[in-house]
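What follows is a set of notes on a single structure, which appears directly below.
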Amino acid sequence: SSYTEDYQNFLHELAANDERIIFIESLKRERLFTVMRNAIALASASEDEGMPITILEAISLGLPVILSDISGHRELGDDLTYFNLYDIAQLKKEMQYVLKNTKKVKAAAKLQQKIIINDYNWDDIAKPISDIYRQDIVAPQSLGNILF
């Protein structure tokens with residue numbers, strides 16, 4: 001990501017003596033999805049997102065998510081787990097809940113998985129976009145002399 005190197009270095013320094021914290025750097029698709037499938041949950045404390053592809057991918061794999069309460073995350077629906085932005089205590093509480101109620105949370109994530117796969121099906125989304133790109137784009141007559 002842009003402008004995150006200093007922050008990443010800061011986090012590595014904070015966690016240097018804590019064996020419980022494992023930083024996973026950039027992973028290729030197959031390895032990433034293997035890690036995600038075997039995770040208990042994915043937490044995103046993002047301050048700003050558009051449509052968060054990483055979150056869509058996680059949910060499509062049936063992974064529970066814990067998301068900061070921002071508009072980009074909220075576009076994914078109200079039935080996900082949200083915490084107030086910058087509220088570390090609430091994030092911790094949600095993470096502890098996931099750890100204590102793994103089966104219940106995974107079952108709810110399976111329901112979300114079906115919704116996301118149905119509502120954000122890449123084949124359904126890509127076809128209309130592809131059709132638009134394949135159309136001949138013709139400039140109106142009034143612009144013809146100016147543009148060409």
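Residue numbering restarts at 1 for every chain of the structure tokens, chains are lettered A, B, ... in their displayed order, and ligands are numbered from 1 as they appear.
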I want to know what sits within 9 Å of Lys114 in chain A, based on only C-alpha atoms, with residues of the same chain fewer than 5 positions away left out; could you give that as a list of chain:residue names?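 What passes the distance filter is A:Ile59, A:Ser60, A:Gly62, A:Ala109, A:Asp119.
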I need the residues from that last selection saved to file as a PDB file, in the first residue's frame (with N, CA, C and O atoms), if you can.
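The resulting file, result_28.pdb, is reproduced below:
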```
ATOM      1  N   ILE A  59     -14.714 -13.035   2.798  1.00  0.00           N
ATOM      2  CA  ILE A  59     -16.092 -13.496   3.023  1.00  0.00           C
ATOM      3  C   ILE A  59     -16.449 -14.588   2.029  1.00  0.00           C
ATOM      4  O   ILE A  59     -17.124 -15.560   2.378  1.00  0.00           O
ATOM      5  N   SER A  60     -15.983 -14.461   0.788  1.00  0.00           N
ATOM      6  CA  SER A  60     -16.288 -15.481  -0.228  1.00  0.00           C
ATOM      7  C   SER A  60     -15.670 -16.828   0.119  1.00  0.00           C
ATOM      8  O   SER A  60     -16.113 -17.865  -0.368  1.00  0.00           O
ATOM      9  N   GLY A  62     -15.679 -17.865   3.226  1.00  0.00           N
ATOM     10  CA  GLY A  62     -16.349 -18.279   4.456  1.00  0.00           C
ATOM     11  C   GLY A  62     -15.627 -17.844   5.718  1.00  0.00           C
ATOM     12  O   GLY A  62     -15.867 -18.380   6.797  1.00  0.00           O
ATOM     13  N   ALA A 109     -20.661 -16.880   9.244  1.00  0.00           N
ATOM     14  CA  ALA A 109     -19.828 -16.509   8.096  1.00  0.00           C
ATOM     15  C   ALA A 109     -20.219 -17.303   6.856  1.00  0.00           C
ATOM     16  O   ALA A 109     -20.136 -16.790   5.734  1.00  0.00           O
ATOM     17  N   ASP A 119     -24.227 -11.889  -4.558  1.00  0.00           N
ATOM     18  CA  ASP A 119     -24.313 -10.460  -4.870  1.00  0.00           C
ATOM     19  C   ASP A 119     -23.065  -9.907  -5.562  1.00  0.00           C
ATOM     20  O   ASP A 119     -23.144  -8.876  -6.234  1.00  0.00           O
TER      21      ASP A 119
END
```
Pick out the residues sitting within 9 Å of Phe33 in chain A, and hand them over as a VMD selection string; count only C-alpha atoms, and ignore anything fewer than 6 positions along from it in its own chain. chain A and resid 27 57 to 58 61
Taking only chain A into account, list the residues labelled alpha helix (DSSP H) by DSSP (computed from the backbone), as a VMD selection string. chain A and resid 5 to 14 29 to 37 53 to 60 71 to 74 88 to 100 102 to 119 122 to 134 141 to 147
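For Glu94 in chain A, the set of protein, DNA and RNA residues having any atom at most 10 Å away, when counting only C-alpha atoms and skipping those fewer than 4 positions along the same chain, is A:Ala43, A:Val65, A:Ile66, A:Leu67, A:Thr81, A:Tyr82, A:Phe83, A:Ile88, A:Ala89, A:Gln90, A:Val98, A:Leu99, A:Lys100.
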Please produce a file of the residues just selected, as an mmCIF file, in the first residue's frame, where the atoms kept are N, CA, C and O atoms.
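Below you can see out-v9.cif, which holds the result:
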```
data_model
loop_
_atom_site.group_PDB
_atom_site.id
_atom_site.type_symbol
_atom_site.label_atom_id
_atom_site.label_comp_id
_atom_site.auth_asym_id
_atom_site.auth_seq_id
_atom_site.Cartn_x
_atom_site.Cartn_y
_atom_site.Cartn_z
ATOM 1 N N ALA A 43 -9.492 -9.287 10.452
ATOM 2 C CA ALA A 43 -9.866 -7.985 11.010
ATOM 3 C C ALA A 43 -9.302 -6.892 10.114
ATOM 4 O O ALA A 43 -8.154 -6.977 9.675
ATOM 5 N N VAL A 65 -15.322 -11.882 9.404
ATOM 6 C CA VAL A 65 -14.595 -10.615 9.340
ATOM 7 C C VAL A 65 -15.042 -9.701 10.476
ATOM 8 O O VAL A 65 -16.186 -9.747 10.919
ATOM 9 N N ILE A 66 -14.093 -8.903 10.938
ATOM 10 C CA ILE A 66 -14.341 -7.873 11.952
ATOM 11 C C ILE A 66 -13.861 -6.578 11.307
ATOM 12 O O ILE A 66 -12.679 -6.446 10.992
ATOM 13 N N LEU A 67 -14.775 -5.642 11.094
ATOM 14 C CA LEU A 67 -14.481 -4.488 10.265
ATOM 15 C C LEU A 67 -14.676 -3.166 10.994
ATOM 16 O O LEU A 67 -15.619 -3.023 11.777
ATOM 17 N N THR A 81 -19.716 -7.981 11.392
ATOM 18 C CA THR A 81 -19.284 -7.477 12.694
ATOM 19 C C THR A 81 -18.472 -6.209 12.493
ATOM 20 O O THR A 81 -17.454 -6.219 11.800
ATOM 21 N N TYR A 82 -18.931 -5.137 13.129
ATOM 22 C CA TYR A 82 -18.268 -3.842 13.015
ATOM 23 C C TYR A 82 -17.831 -3.337 14.395
ATOM 24 O O TYR A 82 -18.451 -3.662 15.396
ATOM 25 N N PHE A 83 -16.777 -2.533 14.390
ATOM 26 C CA PHE A 83 -16.349 -1.844 15.599
ATOM 27 C C PHE A 83 -16.089 -0.392 15.239
ATOM 28 O O PHE A 83 -15.767 -0.069 14.092
ATOM 29 N N ILE A 88 -10.036 0.551 20.067
ATOM 30 C CA ILE A 88 -9.243 -0.663 20.234
ATOM 31 C C ILE A 88 -9.894 -1.611 21.235
ATOM 32 O O ILE A 88 -9.877 -2.832 21.052
ATOM 33 N N ALA A 89 -10.504 -1.090 22.270
ATOM 34 C CA ALA A 89 -11.170 -1.936 23.266
ATOM 35 C C ALA A 89 -12.320 -2.712 22.621
ATOM 36 O O ALA A 89 -12.500 -3.906 22.895
ATOM 37 N N GLN A 90 -13.077 -2.058 21.769
ATOM 38 C CA GLN A 90 -14.178 -2.747 21.096
ATOM 39 C C GLN A 90 -13.651 -3.785 20.107
ATOM 40 O O GLN A 90 -14.188 -4.889 20.012
ATOM 41 N N VAL A 98 -14.967 -13.804 18.878
ATOM 42 C CA VAL A 98 -14.716 -14.758 17.797
ATOM 43 C C VAL A 98 -13.946 -15.964 18.324
ATOM 44 O O VAL A 98 -14.274 -17.114 18.016
ATOM 45 N N LEU A 99 -12.936 -15.727 19.141
ATOM 46 C CA LEU A 99 -12.134 -16.818 19.687
ATOM 47 C C LEU A 99 -12.946 -17.735 20.598
ATOM 48 O O LEU A 99 -12.744 -18.953 20.611
ATOM 49 N N LYS A 100 -13.865 -17.169 21.365
ATOM 50 C CA LYS A 100 -14.670 -17.961 22.298
ATOM 51 C C LYS A 100 -15.864 -18.639 21.636
ATOM 52 O O LYS A 100 -16.425 -19.587 22.182
#
```
Coordinates-based distance that separates CA of Met51 in chain A from CA of Gly72 in chain A (Å, one decimal):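 According to the coordinates, CA of Gly72 in chain A and CA of Met51 in chain A are separated by 5.6 Å.
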